[in-house]
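**Student:** If it helps, the file is called model_5.cif and holds mmCIF, C-alpha atoms:
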data_start
loop_
_atom_site.label_atom_id
_atom_site.label_comp_id
_atom_site.auth_asym_id
_atom_site.auth_seq_id
_atom_site.Cartn_x
_atom_site.Cartn_y
_atom_site.Cartn_z
CA MET P 1 -8.35 20.95 9.56
CA THR P 2 -10.65 19.54 12.22
CA ALA P 3 -12.25 21.91 14.72
CA ILE P 4 -11.22 21.08 18.27
CA SER P 5 -13.31 22.36 21.16
CA ASP P 6 -10.55 22.63 23.78
CA PRO P 7 -7.23 21.53 22.33
CA MET P 8 -5.68 21.11 25.78
CA GLU P 9 -8.33 18.71 27.06
CA PRO P 10 -7.68 15.03 26.35
CA VAL P 11 -10.54 12.91 25.08
CA SER P 12 -10.91 9.51 26.64
CA TYR P 13 -10.03 6.50 24.49
CA ARG P 14 -9.25 2.91 25.38
CA VAL P 15 -6.98 0.32 23.87
CA GLU P 16 -8.77 -1.93 21.44
CA SER P 17 -5.64 -3.94 20.62
CA THR P 18 -1.88 -3.71 20.39
CA ARG P 19 0.43 -5.26 17.88
CA LYS P 20 4.16 -5.80 17.98
CA GLU P 21 5.61 -4.69 14.65
CA THR P 22 9.37 -5.16 15.15
CA SER P 23 11.66 -5.66 18.16
CA ASP P 24 11.19 -2.04 19.27
CA THR P 25 8.08 -0.78 17.48
CA PHE P 26 4.42 -1.44 18.14
CA THR P 27 1.00 -0.30 16.99
CA LEU P 28 -1.84 0.80 19.23
CA HIS P 29 -5.45 0.61 18.07
CA LEU P 30 -7.63 2.96 20.11
CA GLU P 31 -11.39 3.38 20.27
CA PRO P 32 -13.44 6.15 21.89
CA THR P 33 -14.38 5.12 25.45
CA ASN P 34 -17.99 6.06 24.99
CA GLY P 35 -18.37 4.45 21.61
CA GLY P 36 -19.10 6.59 18.60
CA LEU P 37 -16.63 7.87 16.07
CA SER P 38 -13.10 9.08 16.56
CA ARG P 39 -12.14 12.55 15.43
CA PRO P 40 -11.45 12.71 11.70
CA PHE P 41 -7.87 13.41 10.67
CA LEU P 42 -5.89 14.09 7.53
CA PRO P 43 -2.87 11.99 6.46
CA GLY P 44 0.29 13.32 8.11
CA GLN P 45 -1.35 14.77 11.22
CA PHE P 46 -0.44 13.69 14.75
CA ASN P 47 -2.11 13.26 18.13
CA MET P 48 -0.83 13.86 21.65
CA LEU P 49 -1.30 10.55 23.47
CA TYR P 50 -1.52 10.65 27.23
CA VAL P 51 -0.70 7.61 29.36
CA PHE P 52 -2.32 8.55 32.64
CA GLY P 53 0.15 9.01 35.49
CA VAL P 54 3.13 8.81 33.15
CA GLY P 55 2.97 11.57 30.56
CA GLU P 56 2.06 12.71 27.10
CA VAL P 57 3.87 12.27 23.77
CA PRO P 58 3.22 13.33 20.16
CA ILE P 59 2.67 10.40 17.82
CA SER P 60 1.73 10.58 14.19
CA ILE P 61 -1.44 8.86 13.09
CA SER P 62 -0.73 5.80 11.00
CA GLY P 63 -4.18 4.39 10.33
CA ASN P 64 -6.61 4.65 7.49
CA PRO P 65 -8.36 8.05 7.40
CA SER P 66 -11.54 6.41 6.14
CA GLU P 67 -11.83 4.19 9.25
CA LYS P 68 -13.88 6.40 11.54
CA ASP P 69 -14.30 4.13 14.51
CA ARG P 70 -10.71 3.90 15.70
CA LEU P 71 -7.33 5.57 15.82
CA VAL P 72 -4.11 3.80 14.90
CA HIS P 73 -0.65 4.88 16.06
CA THR P 74 2.66 3.13 15.47
CA THR P 75 5.60 4.17 17.57
CA ARG P 76 8.96 3.08 18.86
CA GLU P 77 9.74 2.50 22.50
CA VAL P 78 12.21 5.28 23.28
CA GLY P 79 11.33 6.66 26.71
CA ALA P 80 9.14 6.43 29.80
CA VAL P 81 5.85 7.23 28.08
CA THR P 82 6.30 5.01 25.03
CA GLY P 83 7.70 2.33 27.37
CA ALA P 84 4.47 2.47 29.40
CA MET P 85 2.44 2.59 26.21
CA LYS P 86 4.02 -0.62 25.01
CA ASN P 87 2.73 -2.36 28.13
CA LEU P 88 -0.85 -1.17 27.73
CA ARG P 89 -3.44 -3.91 27.50
CA LYS P 90 -6.89 -4.17 25.95
CA ARG P 91 -9.36 -1.70 27.50
CA ASP P 92 -6.63 0.37 29.24
CA PRO P 93 -7.41 4.11 29.05
CA VAL P 94 -5.45 6.59 26.94
CA GLY P 95 -6.05 10.33 26.65
CA VAL P 96 -5.98 11.77 23.15
CA ARG P 97 -5.54 15.40 22.10
CA GLY P 98 -5.64 16.25 18.47
CA PRO P 99 -5.41 15.79 15.58
CA PHE P 100 -2.84 18.53 15.12
CA GLY P 101 -0.69 19.91 12.35
CA THR P 102 -0.53 20.05 8.60
CA HIS P 103 -1.11 17.15 6.23
CA TRP P 104 0.37 15.51 3.15
CA PRO P 105 -1.18 17.21 0.09
CA VAL P 106 -2.76 14.01 -1.20
CA ASP P 107 -5.95 15.48 -2.64
CA GLU P 108 -4.03 18.46 -4.02
CA SER P 109 -1.74 16.08 -5.97
CA VAL P 110 -4.44 14.47 -8.10
CA GLY P 111 -3.13 13.82 -11.60
CA SER P 112 0.50 13.43 -10.57
CA ASP P 113 2.77 10.46 -9.97
CA ILE P 114 3.09 9.98 -6.22
CA VAL P 115 6.36 8.86 -4.71
CA PHE P 116 6.64 7.92 -1.05
CA VAL P 117 10.16 7.77 0.38
CA ALA P 118 10.23 6.36 3.89
CA GLY P 119 13.06 5.59 6.26
CA GLY P 120 12.57 3.30 9.26
CA ILE P 121 9.56 4.25 11.34
CA GLY P 122 9.01 7.17 8.95
CA LEU P 123 6.72 4.81 7.08
CA ALA P 124 4.09 5.20 9.83
CA PRO P 125 3.16 8.86 9.13
CA LEU P 126 3.11 8.12 5.40
CA ARG P 127 0.77 5.14 5.63
CA PRO P 128 -2.47 7.19 5.89
CA ALA P 129 -1.48 9.04 2.71
CA LEU P 130 -0.79 5.73 0.99
CA TYR P 131 -4.23 4.45 2.04
CA ARG P 132 -5.83 7.62 0.71
CA VAL P 133 -4.03 7.39 -2.63
CA LEU P 134 -4.85 3.70 -3.02
CA SER P 135 -8.51 4.31 -2.27
CA ASN P 136 -8.60 6.81 -5.15
CA ARG P 137 -6.00 5.04 -7.24
CA HIS P 138 -7.45 6.09 -10.60
CA HIS P 139 -6.85 9.77 -9.74
CA TYR P 140 -3.06 9.36 -9.82
CA GLY P 141 -0.34 8.32 -12.24
CA ARG P 142 2.33 5.94 -11.07
CA VAL P 143 2.49 5.30 -7.35
CA VAL P 144 5.84 4.25 -5.95
CA LEU P 145 6.91 3.41 -2.41
CA LEU P 146 10.64 3.45 -1.64
CA TYR P 147 11.38 2.15 1.82
CA GLY P 148 14.71 1.84 3.62
CA THR P 149 15.23 0.32 7.00
CA ARG P 150 17.93 -1.20 9.17
CA SER P 151 17.51 -4.92 8.47
CA PRO P 152 14.90 -7.36 7.17
CA ASP P 153 13.68 -7.86 10.76
CA ASP P 154 13.01 -4.12 11.05
CA ILE P 155 10.61 -3.89 8.11
CA LEU P 156 7.43 -2.24 9.33
CA TYR P 157 3.96 -3.51 8.40
CA LYS P 158 5.47 -6.62 6.84
CA GLN P 159 2.17 -8.32 5.98
CA GLU P 160 0.76 -5.18 4.47
CA MET P 161 3.98 -4.58 2.58
CA ARG P 162 3.55 -8.01 0.94
CA LYS P 163 -0.02 -7.11 0.02
CA TRP P 164 1.07 -3.77 -1.43
CA ARG P 165 3.78 -5.50 -3.46
CA SER P 166 1.16 -7.72 -5.01
CA HIS P 167 -0.77 -4.70 -6.33
CA PHE P 168 -0.16 -4.21 -10.02
CA ASP P 169 -0.72 -0.49 -9.66
CA LEU P 170 1.71 0.17 -6.80
CA GLU P 171 5.45 -0.32 -7.09
CA VAL P 172 7.21 -1.12 -3.85
CA TYR P 173 10.98 -1.16 -3.44
CA VAL P 174 12.55 -2.06 -0.13
CA THR P 175 16.19 -1.82 0.86
CA VAL P 176 17.97 -2.58 4.11
CA ASP P 177 21.26 -1.34 5.53
CA ARG P 178 22.51 -4.84 6.22
CA ALA P 179 21.29 -8.40 5.97
CA SER P 180 22.35 -12.00 6.12
CA GLU P 181 22.93 -13.94 2.94
CA ARG P 182 19.42 -15.37 3.16
CA TRP P 183 18.00 -11.96 2.16
CA ARG P 184 17.39 -11.79 -1.59
CA GLY P 185 16.29 -8.16 -1.70
CA ASN P 186 18.17 -4.88 -1.97
CA VAL P 187 20.93 -3.91 0.44
CA GLY P 188 22.04 -0.28 0.54
CA VAL P 189 20.73 3.16 1.36
CA VAL P 190 17.25 4.25 0.31
CA THR P 191 18.69 7.01 -1.86
CA ASN P 192 20.09 4.30 -4.17
CA LEU P 193 16.52 3.40 -5.11
CA ILE P 194 15.66 6.88 -6.32
CA ALA P 195 17.74 6.84 -9.49
CA LYS P 196 16.15 3.56 -10.63
CA SER P 197 12.54 3.95 -9.63
CA PRO P 198 9.94 4.38 -12.34
CA PHE P 199 8.37 7.84 -11.93
CA ASP P 200 8.36 10.97 -14.02
CA PRO P 201 10.43 13.51 -12.07
CA HIS P 202 8.64 16.43 -13.69
CA GLU P 203 5.14 15.11 -13.00
CA SER P 204 5.60 13.74 -9.49
CA VAL P 205 4.84 14.82 -5.98
CA VAL P 206 7.19 13.27 -3.46
CA PHE P 207 6.43 12.69 0.22
CA VAL P 208 9.48 12.00 2.38
CA CYS P 209 9.58 10.92 6.01
CA GLY P 210 12.48 9.52 8.01
CA PRO P 211 15.50 10.62 10.02
CA GLU P 212 16.62 14.12 9.08
CA ILE P 213 19.96 13.00 7.62
CA MET P 214 18.19 10.47 5.45
CA MET P 215 15.79 13.19 4.26
CA ARG P 216 18.69 15.52 3.38
CA TYR P 217 20.36 12.92 1.17
CA THR P 218 17.00 11.88 -0.25
CA VAL P 219 16.35 15.46 -1.33
CA GLU P 220 19.79 15.56 -2.94
CA ALA P 221 19.08 12.37 -4.88
CA LEU P 222 15.63 13.67 -5.91
CA HIS P 223 17.17 16.92 -7.15
CA LYS P 224 19.65 14.89 -9.20
CA ARG P 225 16.71 13.01 -10.68
CA GLY P 226 15.12 16.33 -11.67
CA VAL P 227 12.46 16.81 -8.97
CA ASP P 228 11.91 20.49 -8.09
CA ASP P 229 11.64 21.88 -4.55
CA GLU P 230 7.94 22.69 -5.06
CA GLN P 231 7.16 19.01 -5.66
CA LEU P 232 8.80 17.86 -2.45
CA PHE P 233 7.18 17.51 0.97
CA LEU P 234 8.88 16.46 4.21
CA SER P 235 7.56 15.57 7.63
CA MET P 236 9.70 17.12 10.36
CA GLU P 237 9.94 16.06 13.96
CA ARG P 238 10.72 18.06 17.07
CA ASN P 239 9.73 17.97 20.71
CA MET P 240 6.04 18.84 20.41
CA LYS P 241 4.28 19.62 23.70
CA CYS P 242 1.19 21.79 23.47
CA GLY P 243 0.32 20.93 19.86
CA ILE P 244 -1.05 24.38 19.09
CA GLY P 245 2.01 26.61 18.74
CA LEU P 246 1.89 28.20 22.20
CA CYS P 247 4.67 26.63 24.25
CA GLY P 248 7.53 26.97 21.76
CA HIS P 249 9.09 23.57 22.45
CA CYS P 250 8.99 22.59 18.81
CA GLN P 251 10.21 25.87 17.34
CA PHE P 252 12.15 25.29 14.12
CA GLY P 253 13.52 28.63 12.95
CA PRO P 254 10.49 30.80 12.31
CA GLU P 255 8.13 27.80 12.31
CA PHE P 256 6.44 25.73 14.96
CA ILE P 257 6.47 22.10 13.91
CA CYS P 258 3.21 21.34 15.73
CA LYS P 259 1.24 24.10 14.07
CA ASP P 260 3.02 25.02 10.81
CA GLY P 261 4.13 21.39 10.28
CA PRO P 262 4.88 18.58 10.68
CA VAL P 263 4.44 18.38 6.90
CA PHE P 264 6.24 21.17 5.05
CA ARG P 265 6.87 21.87 1.43
CA TYR P 266 10.64 21.50 1.11
CA ASP P 267 11.39 25.07 0.03
CA ARG P 268 9.85 26.33 3.26
CA VAL P 269 12.36 24.50 5.48
CA ALA P 270 15.32 24.03 3.13
CA GLY P 271 17.35 26.76 4.81
CA GLN P 272 16.90 25.25 8.24
CA LEU P 273 17.75 21.66 7.43
CA ASP P 274 21.50 22.23 7.42
CA MET P 275 21.58 24.24 10.67
CA TRP P 276 22.76 21.87 13.35
CA GLU P 277 21.72 24.09 16.24
CA LEU P 278 18.01 24.14 15.35
CA MET K 1 21.56 -9.50 -31.75
CA LYS K 2 23.36 -6.74 -29.92
CA THR K 3 27.13 -6.55 -30.01
CA ILE K 4 29.27 -5.97 -26.90
CA GLU K 5 29.70 -2.39 -28.08
CA ASP K 6 25.92 -1.94 -28.27
CA LEU K 7 25.45 -3.42 -24.80
CA LEU K 8 28.13 -1.19 -23.28
CA GLY K 9 26.70 1.80 -25.14
CA ASP K 10 23.31 1.16 -23.48
CA HIS K 11 24.85 1.20 -20.00
CA PRO K 12 24.88 4.50 -18.05
CA PHE K 13 28.47 3.93 -16.86
CA PHE K 14 29.78 4.55 -20.38
CA GLU K 15 27.59 7.54 -21.20
CA GLY K 16 29.54 10.23 -23.01
CA LEU K 17 32.50 8.02 -23.92
CA SER K 18 33.81 8.50 -27.47
CA ARG K 19 33.13 5.88 -30.15
CA ASP K 20 36.85 5.12 -30.42
CA HIS K 21 37.09 4.44 -26.71
CA MET K 22 33.93 2.35 -26.80
CA ALA K 23 35.43 0.27 -29.58
CA LEU K 24 38.63 -0.19 -27.58
CA LEU K 25 36.75 -1.24 -24.45
CA SER K 26 34.45 -3.60 -26.31
CA GLY K 27 37.47 -5.58 -27.46
CA CYS K 28 38.04 -6.54 -23.81
CA GLY K 29 34.41 -7.55 -23.11
CA LYS K 30 32.38 -10.74 -23.24
CA ASN K 31 28.83 -11.67 -22.25
CA VAL K 32 28.42 -13.65 -19.04
CA VAL K 33 25.44 -15.12 -17.18
CA PHE K 34 25.28 -16.10 -13.51
CA GLU K 35 22.52 -18.33 -12.21
CA GLU K 36 20.92 -17.48 -8.89
CA GLY K 37 23.36 -18.50 -6.13
CA ASP K 38 26.45 -18.56 -8.35
CA ASP K 39 29.63 -16.95 -7.07
CA VAL K 40 30.78 -14.09 -9.27
CA PHE K 41 34.06 -13.93 -7.35
CA ARG K 42 35.42 -14.76 -3.92
CA GLU K 43 37.55 -12.73 -1.53
CA GLY K 44 41.28 -13.23 -2.17
CA GLN K 45 40.87 -14.34 -5.79
CA ALA K 46 42.64 -12.42 -8.55
CA ALA K 47 40.56 -9.47 -9.79
CA ASN K 48 40.71 -10.41 -13.45
CA HIS K 49 37.49 -8.71 -14.54
CA PHE K 50 35.01 -6.04 -13.72
CA TYR K 51 31.34 -6.48 -14.50
CA VAL K 52 28.83 -4.23 -16.15
CA ILE K 53 25.49 -5.48 -14.85
CA ARG K 54 22.76 -5.53 -17.48
CA HIS K 55 20.02 -7.40 -15.60
CA GLY K 56 19.76 -9.10 -12.24
CA ARG K 57 21.14 -8.58 -8.76
CA VAL K 58 24.55 -9.29 -7.26
CA SER K 59 25.36 -9.09 -3.56
CA ILE K 60 28.60 -8.00 -1.91
CA ASP K 61 29.16 -10.16 1.17
CA ILE K 62 31.76 -10.26 3.93
CA ARG K 63 32.67 -13.67 5.19
CA SER K 64 33.75 -14.37 8.72
CA ALA K 65 34.77 -17.77 10.06
CA GLY K 66 32.08 -19.36 12.21
CA ARG K 67 29.48 -16.70 11.39
CA ASP K 68 26.96 -16.12 8.66
CA SER K 69 28.14 -13.88 5.86
CA VAL K 70 27.00 -10.28 6.15
CA ARG K 71 25.40 -8.79 3.08
CA ILE K 72 26.58 -5.20 2.82
CA GLU K 73 25.38 -4.12 -0.58
CA THR K 74 23.51 -5.26 -3.65
CA LEU K 75 24.05 -4.06 -7.20
CA GLU K 76 21.57 -4.23 -10.02
CA ASP K 77 20.83 -3.20 -13.59
CA GLY K 78 22.85 -0.14 -14.50
CA ASN K 79 25.51 -0.72 -11.83
CA VAL K 80 29.14 -1.71 -12.19
CA LEU K 81 30.67 -4.41 -10.01
CA GLY K 82 34.30 -4.35 -8.88
CA TRP K 83 37.16 -1.88 -8.86
CA SER K 84 39.92 -4.06 -7.37
CA TRP K 85 41.14 -4.70 -10.92
CA LEU K 86 42.34 -1.06 -10.92
CA VAL K 87 44.47 -1.17 -7.79
CA PRO K 88 47.43 -3.50 -7.08
CA PRO K 89 47.63 -6.26 -5.97
CA TYR K 90 44.45 -6.78 -8.07
CA GLN K 91 42.65 -9.05 -5.61
CA TRP K 92 39.00 -9.09 -4.55
CA HIS K 93 38.34 -7.92 -0.98
CA PHE K 94 34.81 -9.26 -0.69
CA ASP K 95 32.64 -12.04 -2.07
CA ALA K 96 30.16 -11.33 -4.85
CA LYS K 97 27.22 -13.63 -5.49
CA ALA K 98 24.32 -13.60 -7.95
CA VAL K 99 21.18 -13.22 -5.84
CA LEU K 100 19.01 -13.41 -8.95
CA LEU K 101 19.75 -14.58 -12.46
CA THR K 102 22.25 -11.98 -13.64
CA ARG K 103 23.43 -11.04 -17.11
CA ALA K 104 26.52 -8.87 -17.41
CA VAL K 105 29.38 -7.89 -19.64
CA ALA K 106 32.70 -8.97 -18.10
CA LEU K 107 35.63 -6.77 -19.05
CA ASP K 108 39.03 -8.40 -18.96
CA ALA K 109 41.24 -6.49 -16.50
CA GLU K 110 44.60 -7.22 -18.05
CA CYS K 111 43.36 -6.24 -21.50
CA LEU K 112 41.83 -3.06 -20.09
CA ARG K 113 44.85 -2.06 -18.02
CA GLY K 114 47.01 -2.47 -21.12
CA LYS K 115 44.72 -0.23 -23.17
CA CYS K 116 44.56 2.37 -20.40
CA GLU K 117 48.37 2.44 -20.18
CA ALA K 118 48.65 2.82 -23.94
CA ASP K 119 45.93 5.49 -24.15
CA PRO K 120 46.06 7.83 -21.13
CA ASN K 121 42.85 9.57 -22.27
CA LEU K 122 40.99 6.28 -21.98
CA GLY K 123 42.68 5.64 -18.63
CA TYR K 124 41.60 9.06 -17.37
CA GLU K 125 38.02 8.48 -18.53
CA MET K 126 37.93 5.17 -16.70
CA TYR K 127 39.39 6.66 -13.51
CA LYS K 128 36.91 9.54 -13.59
CA ARG K 129 34.02 7.09 -13.84
CA PHE K 130 35.31 4.75 -11.17
CA SER K 131 36.13 7.67 -8.82
CA ARG K 132 32.50 8.72 -9.01
CA ILE K 133 31.34 5.22 -8.15
CA MET K 134 33.83 4.98 -5.29
CA MET K 135 32.64 8.31 -3.91
CA ASP K 136 28.96 7.33 -4.13
CA ARG K 137 29.62 4.00 -2.43
CA LEU K 138 31.81 5.56 0.28
CA MET K 139 29.01 8.03 0.98
CA ALA K 140 26.44 5.25 1.11
CA THR K 141 28.64 3.19 3.42
CA ARG K 142 29.03 6.14 5.77
CA LEU K 143 25.27 6.58 5.91
CA GLN K 144 24.84 2.87 6.60
CA LEU K 145 27.38 3.13 9.42
CA LEU K 146 25.33 5.89 11.05
CA ASP K 147 22.59 3.35 11.73
CA LEU K 148 20.08 6.09 10.89
CA TYR K 149 17.03 4.07 11.72
CA GLY K 150 18.13 3.17 15.24
CA LYS K 151 16.80 4.78 18.40
CA ASP K 152 19.22 7.72 18.58
#
Can you present the structure in this file as structure tokens?
**Tutor:**
Amino acid sequence: MTAISDPMEPVSYRVESTRKETSDTFTLHLEPTNGGLSRPFLPGQFNMLYVFGVGEVPISISGNPSEKDRLVHTTREVGAVTGAMKNLRKRDPVGVRGPFGTHWPVDESVGSDIVFVAGGIGLAPLRPALYRVLSNRHHYGRVVLLYGTRSPDDILYKQEMRKWRSHFDLEVYVTVDRASERWRGNVGVVTNLIAKSPFDPHESVVFVCGPEIMMRYTVEALHKRGVDDEQLFLSMERNMKCGIGLCGHCQFGPEFICKDGPVFRYDRVAGQLDMWEL
Amino acid sequence: MKTIEDLLGDHPFFEGLSRDHMALLSGCGKNVVFEEGDDVFREGQAANHFYVIRHGRVSIDIRSAGRDSVRIETLEDGNVLGWSWLVPPYQWHFDAKAVLLTRAVALDAECLRGKCEADPNLGYEMYKRFSRIMMDRLMATRLQLLDLYGKD
């Protein structure tokens, strides 16, 4: 965990570049206003991004942890703040608080097969972990990415996905919910990929991120495959505000997502996943 | 060279089936190959076979006049294609097309229905297996309908 001097005080960054990923998602590259290095983070952590005069939102970090000179965030335009964020231009200011929260246990999983299961924009919080694993590839067994999204047009990080697919030491399987007949890939839910994918269920650590319903059925399919609760990690999402477990906005049963999460070992949150009122 | 019985025995759909039943089923099977882009069947045609996919990928498409077909599912190695042969009037409801070169065992529906009628234990085994597939696909379809990856 990174030491933060005053977690409520935003640090000034500016937009280095923006990139449209799909019709409703985009990536912001941010650099510290006064030069220098950005705060180090661990894969799975998030920042609070502040668009001045509009508001602040939690967004997971989706860049490479080894790139120290900038921060990368991919998000979807869903409200006033992300709407304003989408319209930011090069050199526009952004306030950053963070990084906050727990991380994917990438270094702790050395020696295991690593399976990433991502749904939709859930690929963004997993990408730093994927970078970290690939940069130490020889420390792991098989590495598998299973990715489900709405349609071929909604595939995130398309160029990078092609590059990953060309790696001989990374197996990438993509499926979409629907497609036209020009699509030659898989069509169907991401859970369909689990039964067929080449990993050892008893020697794997699985990182899952996506909509909660998708994660529930993914866990079910992983259990069927023989993966135990202790090998399973999920990234949860709630309405994070303060980022340090004080305000209570992101309370999830006995946990605060911002402080105790967003990454949880499955057995820690299993009981809460089926409670609709949480 | 593997016999039809060997090929069916390797397929997860038939796991746990008795040797006698495997022998009965194999008598209704033949090897088939579909080149990329070939139709496996078309909506409205008689459902004369079901297919045990060994290698490749087959899509299930819905056609609509004046619009592109919509691809709603793909099936691959280890999957089974088609259950309309089980339910009157034994007609396909969708199109199926080989997206990649596909090798399968085609099981003759009339032959199979006859054997299931004559041997209710075999019929029950087949219904149990197809019910499981129907349930899994219904579940998957419901999840797809939720449009999970949309904004809400």
**Student:** Would you write out, as a PyMOL selection string, every residue that the PyMOL selection byres ((chain P) within 6 of (chain K)) captures in this file?
**Tutor:** chain P and resi 120+150+177-181+184+186-188
**Student:** For C-alpha atoms, I'd like the residues from the last selection saved as a PDB file, keeping the file's coordinate frame.
**Tutor:**
ATOM      1  CA  GLY P 120      12.570   3.300   9.260  1.00  0.00           C
ATOM      2  CA  ARG P 150      17.930  -1.200   9.170  1.00  0.00           C
ATOM      3  CA  ASP P 177      21.260  -1.340   5.530  1.00  0.00           C
ATOM      4  CA  ARG P 178      22.510  -4.840   6.220  1.00  0.00           C
ATOM      5  CA  ALA P 179      21.290  -8.400   5.970  1.00  0.00           C
ATOM      6  CA  SER P 180      22.350 -12.000   6.120  1.00  0.00           C
ATOM      7  CA  GLU P 181      22.930 -13.940   2.940  1.00  0.00           C
ATOM      8  CA  ARG P 184      17.390 -11.790  -1.590  1.00  0.00           C
ATOM      9  CA  ASN P 186      18.170  -4.880  -1.970  1.00  0.00           C
ATOM     10  CA  VAL P 187      20.930  -3.910   0.440  1.00  0.00           C
ATOM     11  CA  GLY P 188      22.040  -0.280   0.540  1.00  0.00           C
TER      12      GLY P 188
END
**Student:** Nearest to Asp92 (chain P) among P:Glu16, P:Glu255, P:Glu220, P:Glu9, with distances taken over all atoms listed in the file: which residue is it?
**Tutor:**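 Smallest distance to Asp92 (chain P) is found for P:Glu16.
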**Student:** What do you get, as a list in words, if you spell out every residue that the PyMOL selection byres ((chain P and resi 137-139) around 12) selects here?
**Tutor:**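 Applied to this file, the PyMOL selection byres ((chain P and resi 137-139) around 12) selects Val106, Asp107, Glu108, Ser109, Val110, Gly111, Ser112, Asp113, Ile114, Ala129, Leu130, Tyr131, Arg132, Val133, Leu134, Ser135, Asn136, Tyr140, Gly141, Arg142, Val143, Val144, His167, Phe168, Asp169 and Leu170 of chain P.
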**Student:** Could you tell me how far CA of Gln45 (chain P) sits from CA of Ala124 (chain P), in Å to one decimal place?
**Tutor:**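 Computed distance, CA of Ala124 (chain P) to CA of Gln45 (chain P), equals 11.1 Å.
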**Student:** To one decimal in Å, tell me the separation between CA of Gly226 (chain P) and CA of Val115 (chain P).
**Tutor:**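 Computed distance, CA of Gly226 (chain P) to CA of Val115 (chain P), equals 13.5 Å.
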**Student:** Considering all atoms listed in the file, can you say which of K:Ile4, K:Met135, K:Ser84, K:Asp39 comes closest to Ala23 (chain K)?
**Tutor:**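 Comparing K:Ile4, K:Met135, K:Ser84, K:Asp39 against Ala23 (chain K), the winner is K:Ile4.
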**Student:** What's the separation between CA of Glu237 (chain P) and CA of Val78 (chain P), in Å to one decimal place?
**Tutor:** 14.4 Å
**Student:** For Asp108 (chain K), list every protein, DNA or RNA residue within 10 Å, evaluated using only C-alpha atoms, and leave out those in the same chain fewer than 6 positions away; present the list as a list of chain:residue names.
**Tutor:**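 In the requested form, the answer reads K:Leu25, K:Ser26, K:Gly27, K:Cys28, K:Gly29, K:Lys30, K:Ala47, K:Asn48, K:His49, K:Phe50, K:Tyr51, K:Trp85.
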**Student:** Could you check which residues have any atom within 12 Å of (44.3, 4.0, -21.4), counting only C-alpha atoms with coordinates taken straight from the file, and then list them as a list in words?
**Tutor:**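 The distance filter leaves exactly Asp20, His21, Met22, Leu24, Leu25, Leu86, Ala109, Glu110, Cys111, Leu112, Arg113, Gly114, Lys115, Cys116, Glu117, Ala118, Asp119, Pro120, Asn121, Leu122, Gly123, Tyr124, Glu125, Met126 and Tyr127 of chain K.
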**Student:** Can I get the selected residues back with C-alpha atoms, as an mmCIF file, in the coordinates of the input?
**Tutor:**
data_model
loop_
_atom_site.group_PDB
_atom_site.id
_atom_site.type_symbol
_atom_site.label_atom_id
_atom_site.label_comp_id
_atom_site.auth_asym_id
_atom_site.auth_seq_id
_atom_site.Cartn_x
_atom_site.Cartn_y
_atom_site.Cartn_z
ATOM 1 C CA ASP K 20 36.850 5.120 -30.420
ATOM 2 C CA HIS K 21 37.090 4.440 -26.710
ATOM 3 C CA MET K 22 33.930 2.350 -26.800
ATOM 4 C CA LEU K 24 38.630 -0.190 -27.580
ATOM 5 C CA LEU K 25 36.750 -1.240 -24.450
ATOM 6 C CA LEU K 86 42.340 -1.060 -10.920
ATOM 7 C CA ALA K 109 41.240 -6.490 -16.500
ATOM 8 C CA GLU K 110 44.600 -7.220 -18.050
ATOM 9 C CA CYS K 111 43.360 -6.240 -21.500
ATOM 10 C CA LEU K 112 41.830 -3.060 -20.090
ATOM 11 C CA ARG K 113 44.850 -2.060 -18.020
ATOM 12 C CA GLY K 114 47.010 -2.470 -21.120
ATOM 13 C CA LYS K 115 44.720 -0.230 -23.170
ATOM 14 C CA CYS K 116 44.560 2.370 -20.400
ATOM 15 C CA GLU K 117 48.370 2.440 -20.180
ATOM 16 C CA ALA K 118 48.650 2.820 -23.940
ATOM 17 C CA ASP K 119 45.930 5.490 -24.150
ATOM 18 C CA PRO K 120 46.060 7.830 -21.130
ATOM 19 C CA ASN K 121 42.850 9.570 -22.270
ATOM 20 C CA LEU K 122 40.990 6.280 -21.980
ATOM 21 C CA GLY K 123 42.680 5.640 -18.630
ATOM 22 C CA TYR K 124 41.600 9.060 -17.370
ATOM 23 C CA GLU K 125 38.020 8.480 -18.530
ATOM 24 C CA MET K 126 37.930 5.170 -16.700
ATOM 25 C CA TYR K 127 39.390 6.660 -13.510
#
**Student:** Counting only C-alpha atoms, figure out which residue out of K:Pro88, K:Gly37, K:Gly66, K:Pro12 gets nearest to Ile53 (chain K).
**Tutor:**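 That would be K:Pro12, the residue with the smallest distance to Ile53 (chain K).
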**Student:** Using all atoms listed in the file, can you tell me which of P:Leu156, P:Cys247, P:Phe199, P:Glu171 comes closest to Glu21 (chain P)?
**Tutor:**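 Ranking P:Leu156, P:Cys247, P:Phe199, P:Glu171 by distance to Glu21 (chain P), first place goes to P:Leu156.
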**Student:** Which residues, named as in the file, does the PyMOL selection byres ((chain K and resi 95) around 6) pick out? Answer as a CSV table (one decimal) with C-alpha atoms, in the frame of the given file.
**Tutor:**
chain,number,residue,atom,x,y,z
K,41,PHE,CA,34.1,-13.9,-7.4
K,42,ARG,CA,35.4,-14.8,-3.9
K,43,GLU,CA,37.6,-12.7,-1.5
K,60,ILE,CA,28.6,-8.0,-1.9
K,61,ASP,CA,29.2,-10.2,1.2
K,94,PHE,CA,34.8,-9.3,-0.7
K,96,ALA,CA,30.2,-11.3,-4.8
**Student:** Using all atoms listed in the file, which protein or nucleic acid residues come within 10 Å of Phe52 (chain P)? Drop anything in the same chain fewer than 2 positions from it, and give the result as a list in words.
**Tutor:**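 Answer for this query is Leu49, Tyr50, Val54, Gly55, Glu56, Val81, Ala84, Met85, Asp92, Pro93, Val94 and Gly95 of chain P.
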